[in-house]
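Notes follow once the structure below has been shown.
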Amino acid sequence: MEKIYSKIDPKILLHIIKKAEDIKEERQELSETNDPLQGLIYNVPKGKNFQAHYHNPIERTTFTTQEAFIVIKGKLILTVLDTDHSEVCKRELNPGDCAIFKAGGHSFEVKEDTIFYELKPGPYLGREKDKTYIE
């Protein structure tokens, strides 16, 4: 796992990038308990079962959007932007990689035909309300 921190405020974790093949623990948390987007990664042996369950309705309020991208096929070059929009670094994302965005901004360059999941809290109110584009 690689944690990328802001150069503006080193206390703010910008992004976590996860390489699936590096997972050795059975269950590893990828988020802080108060993050709006909760992420975990599991490495479980054959035959392990999870007890049937459902999640209780809990009212949650957040004023930020955190999101995760999971690459299924292809290759992306991720540019990580700090809270002042300056570039922090670039990272290559390949199949099995997951990036969790906690703050700051980002852009992607698609290097191959790519399929990836994007996960974030809702509701989604459209691009106009959801995003601010950086020139």
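Naming works like this for the structure tokens: A, B, ... for the chains as they're shown, residue 1 at the start of each chain, ligands 1 onward in shown order.
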Using DSSP assignments from the backbone, pull out every residue in chain A that falls under helix (DSSP H, G or I) and give it to me as an NGL selection string.
:A and (20-22 or 127-130)
For the selection just defined, write its residues with C-alpha atoms to a file, as a compact mmCIF listing (two decimals), in the first residue's frame.
```
# COMPACT_ATOMS: atom_id res chain seq x y z
CA ALA A 20 -3.89 -6.52 -4.80
CA GLU A 21 -0.95 -8.90 -5.00
CA ASP A 22 0.66 -7.22 -1.96
CA ARG A 127 -21.64 16.95 -13.31
CA GLU A 128 -22.52 20.62 -12.87
CA LYS A 129 -23.06 20.21 -9.12
CA ASP A 130 -20.61 17.35 -8.55
```
Any idea what's packed within 9 Å of range 6-14 of chain A, counting only C-alpha atoms, ignoring anything in its chain fewer than 2 positions away? Could you give it as a ChimeraX atom specification?
/A:3-4,16,80-84,88,100-105
Correct to one decimal, the distance CA of Glu67 in chain A-CA of Ser31 in chain A is 11.4 Å
Residues within 7 Å of range 55-65 of chain A, please, as a ChimeraX atom specification. Count only C-alpha atoms; anything in the same chain fewer than 3 positions from it doesn't count.
/A:36,120-121
Have a look at A:Ile17, A:Leu93, A:Ala52, A:Ile23 and name the one nearest to Ile115 in chain A; count only C-alpha atoms.
A:Leu93
Assign secondary structure with DSSP using the backbone only, and return the residues of range 1-132 of chain A in strand (DSSP E or B) as a ChimeraX atom specification.
/A:2-5,13-19,27-29,40-42,67-73,76-81,87-93,97-101,105-110,115-119
What gap, in Å, lies between CA of Glu92 in chain A and CA of Ile134 in chain A?
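Pair CA of Glu92 in chain A / CA of Ile134 in chain A returns 21.0 Å.
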Shell of 10 Å around Glu25 in chain A, only C-alpha atoms, local chain residues under 4 positions omitted, as a PyMOL selection string
chain A and resi 41-44
Determine the nearest neighbour of Asp113 in chain A from the options A:Ala99, A:Cys89, A:Leu37, A:Leu76, counting only C-alpha atoms.
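Smallest separation from Asp113 in chain A among the options: A:Leu76.
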I'd like the neighbourhood of Pro95 in chain A as a ChimeraX atom specification, where a residue qualifies if any of its atoms comes within 6 Å (using only C-alpha atoms), though same-chain residues fewer than 6 positions away should be ignored.
/A:71-73
Could you please take those selected residues and save all heavy atoms as a compact mmCIF listing (two decimals), in the first residue's frame?
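What landed in selection_10.txt:
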```txt
# COMPACT_ATOMS: atom_id res chain seq x y z
N VAL A 71 -9.27 -0.71 -11.11
CA VAL A 71 -8.99 -1.05 -12.50
C VAL A 71 -9.23 -2.54 -12.72
O VAL A 71 -8.69 -3.38 -12.00
CB VAL A 71 -7.55 -0.66 -12.90
CG1 VAL A 71 -7.26 -1.06 -14.35
CG2 VAL A 71 -7.33 0.84 -12.71
N ILE A 72 -10.05 -2.86 -13.71
CA ILE A 72 -10.38 -4.24 -14.06
C ILE A 72 -9.51 -4.70 -15.23
O ILE A 72 -8.97 -5.80 -15.23
CB ILE A 72 -11.87 -4.37 -14.44
CG1 ILE A 72 -12.76 -3.85 -13.31
CG2 ILE A 72 -12.22 -5.80 -14.83
CD1 ILE A 72 -12.55 -4.51 -11.99
N LYS A 73 -9.37 -3.83 -16.22
CA LYS A 73 -8.63 -4.15 -17.44
C LYS A 73 -8.00 -2.88 -17.96
O LYS A 73 -8.59 -1.80 -17.86
CB LYS A 73 -9.61 -4.71 -18.49
CG LYS A 73 -9.02 -4.92 -19.85
CD LYS A 73 -10.11 -5.29 -20.86
CE LYS A 73 -9.52 -5.16 -22.25
NZ LYS A 73 -10.54 -5.08 -23.27
```
Please list as a compact mmCIF listing (two decimals) with N, CA and C atoms, in the first residue's frame every residue within 9 Å of Lys111 in chain A, counting only C-alpha atoms and excluding residues in the same chain fewer than 4 positions away.
```
# COMPACT_ATOMS: atom_id res chain seq x y z
N GLY A 74 -6.79 -2.96 -18.49
CA GLY A 74 -6.16 -1.82 -19.12
C GLY A 74 -5.14 -1.13 -18.25
N LYS A 75 -4.92 0.16 -18.55
CA LYS A 75 -3.89 0.92 -17.84
C LYS A 75 -4.26 2.40 -17.83
N LEU A 76 -4.15 3.01 -16.66
CA LEU A 76 -4.37 4.44 -16.48
C LEU A 76 -3.13 5.07 -15.87
N ILE A 77 -2.83 6.29 -16.26
CA ILE A 77 -1.82 7.07 -15.56
C ILE A 77 -2.60 8.09 -14.73
```
